[in-house]
Amino acid sequence: MDPGEEVLTSLATLRVEQPRAGVAQLTLDRPARLNAMTGAMFAELAEVAARLAEDTSVRAVLLTGAGTAFCAGYDLDDAARFPDSGTDELYALQDRAVRALHAVYALPKPVVAAVRGAAAGGGFSLSLAADIRLAGESARFQAVFVRIGLSGGDLGASWLLPRLVGTGLAAEILYTGRPVYAAEAARIGLANRAVPDAALLDEALDLAEQMAAHPPLAVSLTKRSLHASVDAPSLAAALELESRAQVSLMRDPATTTAIAHLRSR
């Protein structure tokens, strides 16, 4: 697939393109609603993540939002119908949301989130599901759940956030629902760095392209090792997980080629 070609065309809430070799750009595409989430978006996120996981032409994924926001969370027009919905309907909706967020988190390829404007509520959780976050100067990360009477522990926020910023800061952010702007996000580790809005997509694409340039199985197993080791019960357990991945790569043709290239320099 040529860079710049659109990957999927039958989507109502998302747009998927391949702007550079090996890099897919997944854009939340409801700009008039600040890319607010709906049941349809959850279904499409899960579908697209599954397709990208299997697409061998894609080695890294850039996740962003169209227009001025990353994602403002669940669409409040849809949320207004919660009191009239049955418990079974609400569980089904939540399950769709959970599947979508987990599908992004579990992608076997690096995911770089380029965040400008609001990343609020479920959009905040979605940004946390990425491996790396770059914050444009307009970025505003906000776990707004408690402000509308919902638990701040939603779509993985209570598990992912403390792993990035520590339990104390996670508690403050989740309990108060206060915004975290780009400079603070970079300072506390919520974002990898803050960049000007005008440079955000190019910097995120450059970063994704650097990852896509490496042998894909090596990067994929590095991600799996990182995810597993975060919760490994001991260093010994992490070493065992790493060793299995490393040995499986030692005879991979891409590894052999990369080593030969380095030796010839």
# chains A, B, ... in the order shown; residues from 1 in each chain; ligands from 1
$ select_by_dssp --residues "range 15-259 of chain A" --states "helix (DSSP H, G or I)" --output "JSON, numbers by chain"
{"A": [31, 32, 33, 39, 40, 41, 42, 43, 44, 45, 46, 47, 48, 49, 50, 51, 52, 53, 54, 76, 77, 78, 79, 82, 83, 84, 87, 88, 89, 90, 91, 92, 93, 94, 95, 96, 97, 98, 99, 100, 101, 102, 103, 104, 105, 122, 123, 124, 125, 126, 127, 128, 129, 144, 145, 146, 147, 148, 157, 158, 159, 160, 161, 162, 163, 164, 165, 167, 168, 169, 170, 171, 172, 173, 174, 175, 176, 182, 183, 184, 185, 186, 187, 188, 197, 198, 199, 200, 201, 202, 203, 204, 205, 206, 207, 208, 209, 210, 211, 212, 216, 217, 218, 219, 220, 221, 222, 223, 224, 225, 226, 227, 228, 229, 230, 235, 236, 237, 238, 239, 240, 241, 242, 243, 244, 245, 246, 247, 248, 249, 253, 254, 255, 256, 257, 258, 259]}
$ closest_residue --among "A:Ala199, A:Val48, A:Leu155, A:Ala72" --to "Gln94 in chain A" --atoms "only C-alpha atoms"
A:Leu155
$ residues_around --residues "Phe42 in chain A" --least-positions-apart "3" --cutoff "7 Å" --atoms "only C-alpha atoms" --output "JSON, numbers by chain"
{"A": [38, 39, 45, 46, 96, 97, 100]}
$ atom_distance --atom1 "CA of Gly117 in chain A" --atom2 "CA of Gln210 in chain A"
25.3 Å
$ select_by_dssp --residues "range 40-220 of chain A" --states "strand (DSSP E)" --output "PyMOL selection string"
chain A and resi 60-65+111-115+118-120+132-136+140-142+180-181+193-195
$ write_last_selection --atoms "N, CA and C atoms" --output "PDB file, in the first residue's frame"
ATOM      1  N   ALA A  60       3.367   0.806  12.671  1.00  0.00           N
ATOM      2  CA  ALA A  60       3.126   1.731  13.782  1.00  0.00           C
ATOM      3  C   ALA A  60       1.853   2.504  13.457  1.00  0.00           C
ATOM      4  N   VAL A  61       1.195   3.003  14.512  1.00  0.00           N
ATOM      5  CA  VAL A  61      -0.098   3.666  14.357  1.00  0.00           C
ATOM      6  C   VAL A  61      -0.050   5.034  15.023  1.00  0.00           C
ATOM      7  N   LEU A  62      -0.500   6.049  14.297  1.00  0.00           N
ATOM      8  CA  LEU A  62      -0.690   7.389  14.852  1.00  0.00           C
ATOM      9  C   LEU A  62      -2.176   7.579  15.118  1.00  0.00           C
ATOM     10  N   LEU A  63      -2.526   7.917  16.347  1.00  0.00           N
ATOM     11  CA  LEU A  63      -3.917   8.123  16.751  1.00  0.00           C
ATOM     12  C   LEU A  63      -4.125   9.602  17.035  1.00  0.00           C
ATOM     13  N   THR A  64      -5.121  10.217  16.389  1.00  0.00           N
ATOM     14  CA  THR A  64      -5.367  11.636  16.597  1.00  0.00           C
ATOM     15  C   THR A  64      -6.832  11.947  16.362  1.00  0.00           C
ATOM     16  N   GLY A  65      -7.199  13.222  16.502  1.00  0.00           N
ATOM     17  CA  GLY A  65      -8.568  13.656  16.290  1.00  0.00           C
ATOM     18  C   GLY A  65      -8.645  14.723  15.218  1.00  0.00           C
ATOM     19  N   VAL A 111       1.603   2.537  19.309  1.00  0.00           N
ATOM     20  CA  VAL A 111       0.544   3.517  19.068  1.00  0.00           C
ATOM     21  C   VAL A 111       0.995   4.844  19.660  1.00  0.00           C
ATOM     22  N   VAL A 112       1.081   5.870  18.818  1.00  0.00           N
ATOM     23  CA  VAL A 112       1.450   7.221  19.244  1.00  0.00           C
ATOM     24  C   VAL A 112       0.210   8.096  19.168  1.00  0.00           C
ATOM     25  N   ALA A 113      -0.206   8.668  20.296  1.00  0.00           N
ATOM     26  CA  ALA A 113      -1.353   9.577  20.303  1.00  0.00           C
ATOM     27  C   ALA A 113      -0.860  11.009  20.158  1.00  0.00           C
ATOM     28  N   ALA A 114      -1.393  11.711  19.163  1.00  0.00           N
ATOM     29  CA  ALA A 114      -1.104  13.139  18.971  1.00  0.00           C
ATOM     30  C   ALA A 114      -2.328  13.904  19.468  1.00  0.00           C
ATOM     31  N   VAL A 115      -2.171  14.574  20.607  1.00  0.00           N
ATOM     32  CA  VAL A 115      -3.312  15.169  21.304  1.00  0.00           C
ATOM     33  C   VAL A 115      -3.255  16.680  21.216  1.00  0.00           C
ATOM     34  N   ALA A 118      -9.135  19.081  23.618  1.00  0.00           N
ATOM     35  CA  ALA A 118      -9.651  18.254  24.707  1.00  0.00           C
ATOM     36  C   ALA A 118      -9.384  16.773  24.496  1.00  0.00           C
ATOM     37  N   ALA A 119      -8.856  16.147  25.547  1.00  0.00           N
ATOM     38  CA  ALA A 119      -8.842  14.689  25.670  1.00  0.00           C
ATOM     39  C   ALA A 119      -9.535  14.437  27.005  1.00  0.00           C
ATOM     40  N   ALA A 120     -10.863  14.396  26.960  1.00  0.00           N
ATOM     41  CA  ALA A 120     -11.667  14.404  28.183  1.00  0.00           C
ATOM     42  C   ALA A 120     -12.483  13.134  28.296  1.00  0.00           C
ATOM     43  N   ILE A 132       2.485   6.047  23.643  1.00  0.00           N
ATOM     44  CA  ILE A 132       3.189   7.319  23.740  1.00  0.00           C
ATOM     45  C   ILE A 132       2.194   8.429  23.448  1.00  0.00           C
ATOM     46  N   ARG A 133       2.301   9.529  24.195  1.00  0.00           N
ATOM     47  CA  ARG A 133       1.444  10.688  23.961  1.00  0.00           C
ATOM     48  C   ARG A 133       2.309  11.911  23.695  1.00  0.00           C
ATOM     49  N   LEU A 134       2.041  12.593  22.577  1.00  0.00           N
ATOM     50  CA  LEU A 134       2.607  13.906  22.337  1.00  0.00           C
ATOM     51  C   LEU A 134       1.490  14.921  22.522  1.00  0.00           C
ATOM     52  N   ALA A 135       1.757  15.960  23.297  1.00  0.00           N
ATOM     53  CA  ALA A 135       0.733  16.952  23.618  1.00  0.00           C
ATOM     54  C   ALA A 135       0.993  18.243  22.856  1.00  0.00           C
ATOM     55  N   GLY A 136       0.047  18.626  22.017  1.00  0.00           N
ATOM     56  CA  GLY A 136       0.120  19.947  21.408  1.00  0.00           C
ATOM     57  C   GLY A 136      -0.088  21.003  22.476  1.00  0.00           C
ATOM     58  N   ARG A 140      -5.547  19.455  26.476  1.00  0.00           N
ATOM     59  CA  ARG A 140      -6.139  19.486  27.821  1.00  0.00           C
ATOM     60  C   ARG A 140      -6.615  18.086  28.166  1.00  0.00           C
ATOM     61  N   PHE A 141      -5.886  17.429  29.062  1.00  0.00           N
ATOM     62  CA  PHE A 141      -6.243  16.091  29.520  1.00  0.00           C
ATOM     63  C   PHE A 141      -7.145  16.241  30.750  1.00  0.00           C
ATOM     64  N   GLN A 142      -8.295  15.567  30.743  1.00  0.00           N
ATOM     65  CA  GLN A 142      -9.216  15.776  31.863  1.00  0.00           C
ATOM     66  C   GLN A 142     -10.109  14.557  32.075  1.00  0.00           C
ATOM     67  N   VAL A 180      -5.465  18.935  33.045  1.00  0.00           N
ATOM     68  CA  VAL A 180      -4.001  18.913  33.018  1.00  0.00           C
ATOM     69  C   VAL A 180      -3.586  19.399  31.633  1.00  0.00           C
ATOM     70  N   TYR A 181      -2.937  20.558  31.595  1.00  0.00           N
ATOM     71  CA  TYR A 181      -2.557  21.148  30.311  1.00  0.00           C
ATOM     72  C   TYR A 181      -1.193  20.618  29.856  1.00  0.00           C
ATOM     73  N   ARG A 193       6.097  14.544  25.687  1.00  0.00           N
ATOM     74  CA  ARG A 193       6.580  15.915  25.548  1.00  0.00           C
ATOM     75  C   ARG A 193       5.472  16.796  24.998  1.00  0.00           C
ATOM     76  N   ALA A 194       5.642  18.107  25.186  1.00  0.00           N
ATOM     77  CA  ALA A 194       4.721  19.102  24.642  1.00  0.00           C
ATOM     78  C   ALA A 194       5.376  19.743  23.423  1.00  0.00           C
ATOM     79  N   VAL A 195       4.581  19.952  22.381  1.00  0.00           N
ATOM     80  CA  VAL A 195       5.098  20.532  21.143  1.00  0.00           C
ATOM     81  C   VAL A 195       4.089  21.555  20.620  1.00  0.00           C
TER      82      VAL A 195
END
$ atom_distance --atom1 "CA of Leu241 in chain A" --atom2 "CA of Ala228 in chain A"
7.7 Å
$ residues_around --residues "Asp29 in chain A" --least-positions-apart "4" --cutoff "10 Å" --atoms "only C-alpha atoms" --output "PyMOL selection string"
chain A and resi 11-16+33-36+41+64-67+70-71
$ atom_distance --atom1 "CA of Ala254 in chain A" --atom2 "CA of His227 in chain A"
22.9 Å
$ closest_residue --among "A:Ala182, A:Ala213, A:Leu221, A:Ile173" --to "Glu242 in chain A" --atoms "only C-alpha atoms"
A:Leu221
$ residues_around --residues "Leu239 in chain A" --least-positions-apart "4" --cutoff "12 Å" --atoms "only C-alpha atoms" --output "PyMOL selection string"
chain A and resi 225-226+228-230+232-235+243-246
$ write_last_selection --atoms "N, CA, C and O atoms" --output "CSV table (one decimal), in the first residue's frame"
chain,number,residue,atom,x,y,z
A,225,SER,N,6.7,-7.4,25.9
A,225,SER,CA,7.6,-7.6,27.1
A,225,SER,C,7.3,-6.4,28.1
A,225,SER,O,7.2,-6.6,29.3
A,226,LEU,N,7.2,-5.2,27.5
A,226,LEU,CA,7.0,-4.0,28.3
A,226,LEU,C,5.7,-4.1,29.1
A,226,LEU,O,5.6,-3.9,30.3
A,228,ALA,N,4.0,-6.8,29.8
A,228,ALA,CA,4.0,-7.9,30.8
A,228,ALA,C,4.8,-7.6,32.0
A,228,ALA,O,4.5,-7.9,33.1
A,229,SER,N,6.0,-6.9,31.7
A,229,SER,CA,6.9,-6.6,32.8
A,229,SER,C,6.4,-5.5,33.8
A,229,SER,O,6.8,-5.5,35.0
A,230,VAL,N,5.5,-4.6,33.3
A,230,VAL,CA,5.0,-3.6,34.2
A,230,VAL,C,4.3,-4.3,35.5
A,230,VAL,O,4.4,-3.7,36.6
A,232,ALA,N,4.9,-7.6,36.3
A,232,ALA,CA,5.6,-8.9,36.7
A,232,ALA,C,5.8,-8.8,38.2
A,232,ALA,O,6.1,-7.8,38.8
A,233,PRO,N,5.7,-10.0,38.8
A,233,PRO,CA,5.8,-10.0,40.3
A,233,PRO,C,7.3,-9.8,40.8
A,233,PRO,O,7.5,-9.5,42.0
A,234,SER,N,8.2,-10.0,39.9
A,234,SER,CA,9.6,-9.8,40.3
A,234,SER,C,10.5,-9.6,39.1
A,234,SER,O,10.1,-9.8,38.0
A,235,LEU,N,11.7,-9.2,39.4
A,235,LEU,CA,12.7,-9.0,38.3
A,235,LEU,C,13.0,-10.3,37.6
A,235,LEU,O,13.1,-10.4,36.4
A,243,SER,N,13.7,-13.0,28.2
A,243,SER,CA,14.6,-14.0,27.5
A,243,SER,C,13.8,-14.9,26.5
A,243,SER,O,14.4,-15.2,25.4
A,244,ARG,N,12.6,-15.2,26.8
A,244,ARG,CA,11.8,-16.0,25.8
A,244,ARG,C,11.6,-15.2,24.5
A,244,ARG,O,11.7,-15.8,23.4
A,245,ALA,N,11.3,-13.9,24.7
A,245,ALA,CA,11.1,-13.1,23.5
A,245,ALA,C,12.4,-13.0,22.7
A,245,ALA,O,12.5,-13.1,21.5
A,246,GLN,N,13.5,-12.8,23.4
A,246,GLN,CA,14.8,-12.5,22.8
A,246,GLN,C,15.3,-13.8,22.0
A,246,GLN,O,15.7,-13.6,20.9
$ residues_around --residues "Ser57 in chain A" --least-positions-apart "2" --cutoff "9 Å" --atoms "only C-alpha atoms" --output "MDAnalysis selection string"
chainID A and resid 1 21:24 52 54:55 59
$ decode --residues "range 198-210 of chain A" --atoms "all heavy atoms" --output "PDB file, in the first residue's frame"
ATOM      1  N   ALA A 198       1.171  23.387  15.638  1.00  0.00           N
ATOM      2  CA  ALA A 198       1.483  23.363  14.207  1.00  0.00           C
ATOM      3  C   ALA A 198       2.454  22.250  13.839  1.00  0.00           C
ATOM      4  O   ALA A 198       2.473  21.783  12.687  1.00  0.00           O
ATOM      5  CB  ALA A 198       2.047  24.711  13.771  1.00  0.00           C
ATOM      6  N   ALA A 199       3.265  21.818  14.805  1.00  0.00           N
ATOM      7  CA  ALA A 199       4.261  20.777  14.537  1.00  0.00           C
ATOM      8  C   ALA A 199       3.825  19.405  15.024  1.00  0.00           C
ATOM      9  O   ALA A 199       4.542  18.418  14.809  1.00  0.00           O
ATOM     10  CB  ALA A 199       5.589  21.161  15.204  1.00  0.00           C
ATOM     11  N   LEU A 200       2.658  19.323  15.660  1.00  0.00           N
ATOM     12  CA  LEU A 200       2.260  18.105  16.362  1.00  0.00           C
ATOM     13  C   LEU A 200       2.199  16.881  15.448  1.00  0.00           C
ATOM     14  O   LEU A 200       2.818  15.843  15.739  1.00  0.00           O
ATOM     15  CB  LEU A 200       0.908  18.322  17.050  1.00  0.00           C
ATOM     16  CG  LEU A 200       0.332  17.101  17.787  1.00  0.00           C
ATOM     17  CD1 LEU A 200       1.249  16.687  18.931  1.00  0.00           C
ATOM     18  CD2 LEU A 200      -1.069  17.423  18.318  1.00  0.00           C
ATOM     19  N   LEU A 201       1.460  16.969  14.360  1.00  0.00           N
ATOM     20  CA  LEU A 201       1.295  15.793  13.507  1.00  0.00           C
ATOM     21  C   LEU A 201       2.617  15.374  12.875  1.00  0.00           C
ATOM     22  O   LEU A 201       2.917  14.173  12.801  1.00  0.00           O
ATOM     23  CB  LEU A 201       0.254  16.059  12.423  1.00  0.00           C
ATOM     24  CG  LEU A 201      -1.204  15.942  12.862  1.00  0.00           C
ATOM     25  CD1 LEU A 201      -2.131  16.156  11.668  1.00  0.00           C
ATOM     26  CD2 LEU A 201      -1.487  14.571  13.485  1.00  0.00           C
ATOM     27  N   ASP A 202       3.418  16.321  12.435  1.00  0.00           N
ATOM     28  CA  ASP A 202       4.700  15.971  11.830  1.00  0.00           C
ATOM     29  C   ASP A 202       5.616  15.293  12.839  1.00  0.00           C
ATOM     30  O   ASP A 202       6.287  14.299  12.510  1.00  0.00           O
ATOM     31  CB  ASP A 202       5.384  17.218  11.265  1.00  0.00           C
ATOM     32  CG  ASP A 202       4.803  17.640   9.922  1.00  0.00           C
ATOM     33  OD1 ASP A 202       4.131  16.809   9.275  1.00  0.00           O
ATOM     34  OD2 ASP A 202       5.004  18.804   9.535  1.00  0.00           O
ATOM     35  N   GLU A 203       5.658  15.808  14.066  1.00  0.00           N
ATOM     36  CA  GLU A 203       6.520  15.190  15.084  1.00  0.00           C
ATOM     37  C   GLU A 203       6.030  13.794  15.435  1.00  0.00           C
ATOM     38  O   GLU A 203       6.830  12.866  15.621  1.00  0.00           O
ATOM     39  CB  GLU A 203       6.595  16.070  16.334  1.00  0.00           C
ATOM     40  CG  GLU A 203       7.400  17.333  16.137  1.00  0.00           C
ATOM     41  CD  GLU A 203       8.124  17.777  17.402  1.00  0.00           C
ATOM     42  OE1 GLU A 203       8.367  16.932  18.294  1.00  0.00           O
ATOM     43  OE2 GLU A 203       8.450  18.975  17.488  1.00  0.00           O
ATOM     44  N   ALA A 204       4.702  13.639  15.530  1.00  0.00           N
ATOM     45  CA  ALA A 204       4.144  12.322  15.844  1.00  0.00           C
ATOM     46  C   ALA A 204       4.410  11.334  14.710  1.00  0.00           C
ATOM     47  O   ALA A 204       4.753  10.170  14.947  1.00  0.00           O
ATOM     48  CB  ALA A 204       2.649  12.440  16.120  1.00  0.00           C
ATOM     49  N   LEU A 205       4.271  11.791  13.464  1.00  0.00           N
ATOM     50  CA  LEU A 205       4.562  10.929  12.322  1.00  0.00           C
ATOM     51  C   LEU A 205       6.044  10.565  12.267  1.00  0.00           C
ATOM     52  O   LEU A 205       6.397   9.416  11.957  1.00  0.00           O
ATOM     53  CB  LEU A 205       4.132  11.620  11.024  1.00  0.00           C
ATOM     54  CG  LEU A 205       2.641  11.599  10.717  1.00  0.00           C
ATOM     55  CD1 LEU A 205       2.309  12.551   9.568  1.00  0.00           C
ATOM     56  CD2 LEU A 205       2.160  10.187  10.389  1.00  0.00           C
ATOM     57  N   ASP A 206       6.912  11.527  12.548  1.00  0.00           N
ATOM     58  CA  ASP A 206       8.350  11.236  12.573  1.00  0.00           C
ATOM     59  C   ASP A 206       8.661  10.152  13.600  1.00  0.00           C
ATOM     60  O   ASP A 206       9.448   9.230  13.336  1.00  0.00           O
ATOM     61  CB  ASP A 206       9.145  12.501  12.904  1.00  0.00           C
ATOM     62  CG  ASP A 206       9.181  13.504  11.764  1.00  0.00           C
ATOM     63  OD1 ASP A 206       8.821  13.134  10.634  1.00  0.00           O
ATOM     64  OD2 ASP A 206       9.555  14.670  12.024  1.00  0.00           O
ATOM     65  N   LEU A 207       8.046  10.269  14.776  1.00  0.00           N
ATOM     66  CA  LEU A 207       8.290   9.297  15.836  1.00  0.00           C
ATOM     67  C   LEU A 207       7.777   7.925  15.431  1.00  0.00           C
ATOM     68  O   LEU A 207       8.471   6.910  15.595  1.00  0.00           O
ATOM     69  CB  LEU A 207       7.604   9.773  17.126  1.00  0.00           C
ATOM     70  CG  LEU A 207       7.837   8.945  18.387  1.00  0.00           C
ATOM     71  CD1 LEU A 207       9.336   8.845  18.709  1.00  0.00           C
ATOM     72  CD2 LEU A 207       7.092   9.584  19.563  1.00  0.00           C
ATOM     73  N   ALA A 208       6.551   7.871  14.892  1.00  0.00           N
ATOM     74  CA  ALA A 208       5.988   6.595  14.455  1.00  0.00           C
ATOM     75  C   ALA A 208       6.839   5.988  13.341  1.00  0.00           C
ATOM     76  O   ALA A 208       7.054   4.768  13.293  1.00  0.00           O
ATOM     77  CB  ALA A 208       4.555   6.790  13.987  1.00  0.00           C
ATOM     78  N   GLU A 209       7.344   6.837  12.458  1.00  0.00           N
ATOM     79  CA  GLU A 209       8.164   6.357  11.347  1.00  0.00           C
ATOM     80  C   GLU A 209       9.480   5.753  11.844  1.00  0.00           C
ATOM     81  O   GLU A 209       9.966   4.756  11.285  1.00  0.00           O
ATOM     82  CB  GLU A 209       8.439   7.507  10.386  1.00  0.00           C
ATOM     83  CG  GLU A 209       8.996   7.081   9.043  1.00  0.00           C
ATOM     84  CD  GLU A 209       9.077   8.245   8.071  1.00  0.00           C
ATOM     85  OE1 GLU A 209       9.438   9.374   8.500  1.00  0.00           O
ATOM     86  OE2 GLU A 209       8.783   8.028   6.883  1.00  0.00           O
ATOM     87  N   GLN A 210      10.051   6.330  12.896  1.00  0.00           N
ATOM     88  CA  GLN A 210      11.267   5.756  13.481  1.00  0.00           C
ATOM     89  C   GLN A 210      11.021   4.339  13.970  1.00  0.00           C
ATOM     90  O   GLN A 210      11.852   3.443  13.794  1.00  0.00           O
ATOM     91  CB  GLN A 210      11.745   6.621  14.642  1.00  0.00           C
ATOM     92  CG  GLN A 210      12.323   7.963  14.272  1.00  0.00           C
ATOM     93  CD  GLN A 210      12.698   8.773  15.500  1.00  0.00           C
ATOM     94  OE1 GLN A 210      13.305   8.254  16.431  1.00  0.00           O
ATOM     95  NE2 GLN A 210      12.317  10.033  15.520  1.00  0.00           N
TER      96      GLN A 210
END
